[in-house]
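Below: the structure, in structure tokens.
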Amino acid sequence: MNFDNARFITANFSGLQGWKTVPAGAVLFLSALWMNAQTGRTRNLLPIVIGFGVVVAGYLLIGRYYRRTYGRVEPAGRTPMKDVVFAVLILAVVIGALRLDDGTLRALMAGKAAQFPVSMYALLFGSVVLLDYIRNCRRAGVKNLGIFPAGWACAGGIILSAFLPLLGDGPAALLGFRSVLFLVFAIDGILILLYSMAGHRFLARSLSGALEAERGQPV
Amino acid sequence: MDNPFEELAGLDRLIHEPARLAILTALASCKAADFLFLQRLTGLSGGNLSSHISKLEESGLVRVEKQFVDKRPNTRIEISERGRKAVREHWRKLDHLSNQAKEWKEKDPE
């Protein structure tokens with residue numbers, strides 16, 4: 001029994017349920033490709049609404065699978081009210097950051113200098129993921145921050161991707177993206193997918209259910 | 001400095017038993033967890049885990065609540081304040097002993 005693992009998994013049980021965030025990563029990636037393909041002034045918002053529905057439905061349905069397979073953990077220091085306030089706060093920050101990114105996108109596509117030459121969405125999102133990881137390690141009393149390398153690697157990757165607009169549209173154009181911000185969103189979608197899969201793998205391996213009854217010996 | 005290995009004998013065996021230490025350590029990292037999670041985490045059989053939890057409950061280190069969730073029976077286990085303090089103190093002692101053991105040199109018999 002690795003006690004640091006036990007502490008980390010228990011304190012971060014919800015965050016390690018990777019399949020729950022696979023739809024979010026896939027939708028972000030596909031949204032980036034879809035936005036890249038859109039031209040003209042009118043935009044069809046139906047795919048965005050459908051994507052949001054898929055993310056919410058996936059989160060709820062896959063959460064049910066995790067509860068039935070791996071059980072339930074009530075995190076410490078959280079109440080339903082705190083969760084609602086936190087979710088509203090995060091939503092407000094994300095919407096604000098996306099609006100700033102939209103302004104940056106319009107400026108870049110019009111060939112003007114952007115007010116914020118970085119992706120605020122990627123910067124904030126990556127920072128939240130990284131801070132949440134560090135906070136969970138601290139709360140669990142885990143001294144080794146490298147216990148789940150994919151955690152800080154993906155968060156670091158998302159933060160770094162925020163600075164891609166500083167390189168201009170050149171690298172994005174090479175990959176067929178009309179704007180570097182679409183490339184940032186696509187990369188972030190892939191990183192969320194990788195983070196999700198790594199989280200599930202870590203959880204599944206740690207809670208492998210290698211029960212003593214199956215091993216035929218007491219623990 | 002005393003021989004740290006002699007101090008090991010003074011550890012609370014109720015908590016120090018590996019399975020119970022794992023249960024208490026996990027529960028101290030959250031508000032509560034259910035039986036299935038602890039079973040997955042510790043790898044214990046249902047009967048063995050139940051027996052360990054009963055011992056911890058009898059000692060007032062955890063509270064057990066039987067409930068129905070989604071029309072299914074569910075056993076919720078919560079660490080008590082006493083249990084939280086006990087496991088924190090136990091880990092403090094283990095860390096202390098570990099540090100002592102690193103520094104310890106066997107005294108010359110003469």
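FYI, nothing fancy with the structure tokens labels: chains A, B, ... in order, residues from 1 per chain, ligands from 1 as they appear.
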If we count only C-alpha atoms, what is near Met120 in chain A at a cut-off of 8 Å, once residues fewer than 6 positions away on the same chain are taken out, given as a count of residues only? 5
Near His200 in chain A, within 8 Å and counting only C-alpha atoms, which residues show up once chain neighbours fewer than 3 positions away are dropped, as a list in words? Leu16, Gln17, Gly18, Trp19, Ser196, Met197, Leu203 and Ala204 of chain A
Filtering to C-alpha atoms, could you give me those residues as a PDB file, in the first residue's frame?
ATOM      1  CA  LEU A  16      -9.072  11.623 -11.439  1.00  0.00           C
ATOM      2  CA  GLN A  17     -12.305  10.306 -12.965  1.00  0.00           C
ATOM      3  CA  GLY A  18     -10.849  10.965 -16.395  1.00  0.00           C
ATOM      4  CA  TRP A  19     -13.556   9.603 -18.675  1.00  0.00           C
ATOM      5  CA  SER A 196      -8.409  12.643 -18.844  1.00  0.00           C
ATOM      6  CA  MET A 197      -6.973   9.366 -20.048  1.00  0.00           C
ATOM      7  CA  LEU A 203      -7.246   5.743 -10.827  1.00  0.00           C
ATOM      8  CA  ALA A 204      -7.944   2.370 -12.431  1.00  0.00           C
TER       9      ALA A 204
END
Within 8 Å of chain A, which residues of chain B show up when using only C-alpha atoms, listed as a short mmCIF file (atom, residue, chain, number, x, y, z; two decimals) with N, CA and C atoms, in the first residue's frame?
data_model
loop_
_atom_site.label_atom_id
_atom_site.label_comp_id
_atom_site.auth_asym_id
_atom_site.auth_seq_id
_atom_site.Cartn_x
_atom_site.Cartn_y
_atom_site.Cartn_z
N ALA B 19 -3.89 -2.53 7.38
CA ALA B 19 -5.19 -2.29 6.72
C ALA B 19 -5.93 -1.15 7.40
N ALA B 22 -4.36 2.14 6.57
CA ALA B 22 -4.74 2.57 5.22
C ALA B 22 -6.15 3.16 5.24
N THR B 25 -6.02 6.55 7.05
CA THR B 25 -5.27 7.55 6.26
C THR B 25 -6.13 8.07 5.11
N ALA B 26 -6.82 7.14 4.44
CA ALA B 26 -7.70 7.57 3.33
C ALA B 26 -8.85 8.42 3.87
N LEU B 27 -9.47 7.98 4.94
CA LEU B 27 -10.62 8.73 5.48
C LEU B 27 -10.22 10.11 5.99
N SER B 29 -8.27 12.02 4.55
CA SER B 29 -8.08 12.91 3.40
C SER B 29 -9.40 13.36 2.78
N CYS B 30 -10.51 12.97 3.40
CA CYS B 30 -11.81 13.36 2.85
C CYS B 30 -12.81 13.53 3.99
N LYS B 31 -14.03 13.89 3.61
CA LYS B 31 -15.06 14.02 4.64
C LYS B 31 -15.62 12.62 4.97
N ALA B 32 -15.91 11.86 3.94
CA ALA B 32 -16.43 10.49 4.12
C ALA B 32 -16.23 9.71 2.83
N ALA B 33 -16.25 8.39 2.96
CA ALA B 33 -16.15 7.53 1.76
C ALA B 33 -17.07 6.34 1.97
N ASP B 34 -17.40 5.65 0.89
CA ASP B 34 -18.27 4.49 1.09
C ASP B 34 -17.45 3.19 1.10
N PHE B 35 -18.15 2.12 1.43
CA PHE B 35 -17.51 0.82 1.61
C PHE B 35 -16.80 0.37 0.33
N LEU B 36 -17.48 0.57 -0.82
CA LEU B 36 -16.92 0.11 -2.09
C LEU B 36 -15.58 0.79 -2.38
N PHE B 37 -15.53 2.10 -2.13
CA PHE B 37 -14.28 2.83 -2.39
C PHE B 37 -13.14 2.28 -1.53
N GLN B 39 -12.92 -0.60 -0.19
CA GLN B 39 -12.59 -1.96 -0.61
C GLN B 39 -11.66 -1.93 -1.83
N ARG B 40 -11.98 -1.06 -2.78
CA ARG B 40 -11.14 -0.91 -3.96
C ARG B 40 -9.74 -0.40 -3.59
N LEU B 41 -9.72 0.54 -2.67
CA LEU B 41 -8.46 1.18 -2.30
C LEU B 41 -7.53 0.23 -1.55
N THR B 42 -8.11 -0.51 -0.60
CA THR B 42 -7.27 -1.35 0.25
C THR B 42 -7.06 -2.74 -0.33
N GLY B 43 -7.95 -3.17 -1.23
CA GLY B 43 -7.83 -4.51 -1.78
C GLY B 43 -8.27 -5.60 -0.81
N LEU B 44 -8.96 -5.21 0.26
CA LEU B 44 -9.42 -6.20 1.24
C LEU B 44 -10.71 -6.87 0.76
N SER B 45 -10.97 -8.06 1.26
CA SER B 45 -12.25 -8.71 0.96
C SER B 45 -13.32 -7.99 1.77
#
Can you check which residues of range 1-212 of chain A DSSP gives as alpha helix (DSSP H) on the backbone and send them as a VMD selection string? chain A and resid 3 to 11 22 to 37 46 to 70 80 to 109 120 to 140 149 to 161 170 to 174 180 to 206 212
Could you please determine the separation between CA of Glu81 in chain B and CA of Leu145 in chain A in Å, to one decimal place?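 Computing the Euclidean distance for CA of Glu81 in chain B and CA of Leu145 in chain A yields 27.1 Å.
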Excluding same-chain residues fewer than 5 positions from His52 in chain B, what lies within 9 Å of it counting only C-alpha atoms, as a PyMOL selection string? chain B and resi 19-20+23+47+57
Could you write out that same residue set with C-alpha atoms as a short mmCIF file (atom, residue, chain, number, x, y, z; two decimals), in the first residue's frame?
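To be explicit, this is the file written out as out.cif:
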data_model
loop_
_atom_site.label_atom_id
_atom_site.label_comp_id
_atom_site.auth_asym_id
_atom_site.auth_seq_id
_atom_site.Cartn_x
_atom_site.Cartn_y
_atom_site.Cartn_z
CA ALA B 19 -5.19 -2.29 6.72
CA ARG B 20 -6.62 -0.08 9.47
CA ILE B 23 -8.45 3.00 5.99
CA GLY B 47 -15.64 -9.54 5.25
CA GLU B 57 -16.12 2.05 15.00
#
Write out as JSON, numbers by chain each polymer residue whose atoms come within 10 Å of Thr104 in chain A, counting only C-alpha atoms; drop sequence neighbours fewer than 5 positions from it. {"A": [98, 99, 109, 110, 112, 113, 114, 115, 116, 117, 118, 119, 120, 165, 181]}
Do a neighbour search on Val129 in chain A at 10 Å with only C-alpha atoms, toss out local chain neighbours closer than 2 positions, and write the hits as a compact mmCIF listing (two decimals) with C-alpha atoms, in the first residue's frame.
# COMPACT_ATOMS: atom_id res chain seq x y z
CA GLY A 15 -10.59 15.00 -10.55
CA LEU A 124 -6.58 31.01 -16.85
CA PHE A 125 -7.73 27.46 -17.47
CA GLY A 126 -4.20 26.04 -17.24
CA SER A 127 -3.53 28.07 -14.07
CA LEU A 131 -3.43 25.42 -8.72
CA ASP A 132 -6.14 22.83 -8.14
CA TYR A 133 -3.55 20.07 -8.48
CA ILE A 134 -1.17 21.73 -6.00
CA ARG A 135 -4.03 22.49 -3.58
CA GLY A 151 -1.45 16.51 -13.86
CA TRP A 152 1.19 19.23 -13.91
CA CYS A 154 -0.97 18.93 -19.00
CA ALA A 155 -1.60 22.05 -16.92
CA GLY A 156 1.85 23.35 -17.88
CA ILE A 158 -2.10 24.44 -21.50
CA ILE A 159 -0.39 27.46 -19.90
Separating CA of Arg178 in chain A from CA of Trp34 in chain A, to the nearest tenth of an Å, is a gap of 11.4 Å
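Distance-wise, CA of Ser161 in chain A and CA of Phe177 in chain A end up 14.7 Å apart.
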Among chain B, which residues carry a DSSP assignment of strand (DSSP E), reported as a PyMOL selection string? chain B and resi 32-34+62-69+72-79
Identify which of the residues A:Gly170, A:Gly199, A:Gly103, A:Ser179 lies closest to Ile147 in chain A, counting only C-alpha atoms when measuring atom-to-atom distances.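 Once distances to Ile147 in chain A are computed over only C-alpha atoms, the minimum belongs to A:Gly199.
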With a distance cut-off of 10 Å and only C-alpha atoms, select the neighbouring residues of range 87-93 of chain B, excluding the residue or stretch itself and same-chain residues fewer than 5 positions from it, and output the selection as a compact mmCIF listing (two decimals) with C-alpha atoms, in the first residue's frame.
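Result went into part_16.txt, see below:
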# COMPACT_ATOMS: atom_id res chain seq x y z
CA GLU B 7 9.72 3.02 20.56
CA LEU B 8 8.00 1.11 17.79
CA LEU B 11 2.73 2.55 18.80
CA ASP B 12 -1.03 2.11 19.04
CA ILE B 15 -4.12 2.13 14.28
CA HIS B 16 -0.78 0.67 13.27
CA LEU B 21 -3.87 2.50 8.94
CA ALA B 22 -4.74 2.57 5.22
CA LEU B 24 -7.84 5.82 8.49
CA THR B 25 -5.27 7.55 6.26
CA LEU B 27 -10.62 8.73 5.48
CA ALA B 28 -8.51 11.53 6.94
CA LEU B 61 -12.37 6.44 15.45
CA ILE B 79 -13.71 9.53 10.36
CA ARG B 82 -10.81 11.72 17.50
CA SER B 98 11.84 7.19 10.61
CA ASN B 99 14.08 10.24 11.08
Select, from A:Phe86, A:Tyr66, A:Phe29, A:Phe52, the residue with the minimum atom-to-atom distance to Leu193 in chain A, counting only C-alpha atoms.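 Among the listed residues, the smallest separation from Leu193 in chain A belongs to A:Phe29.
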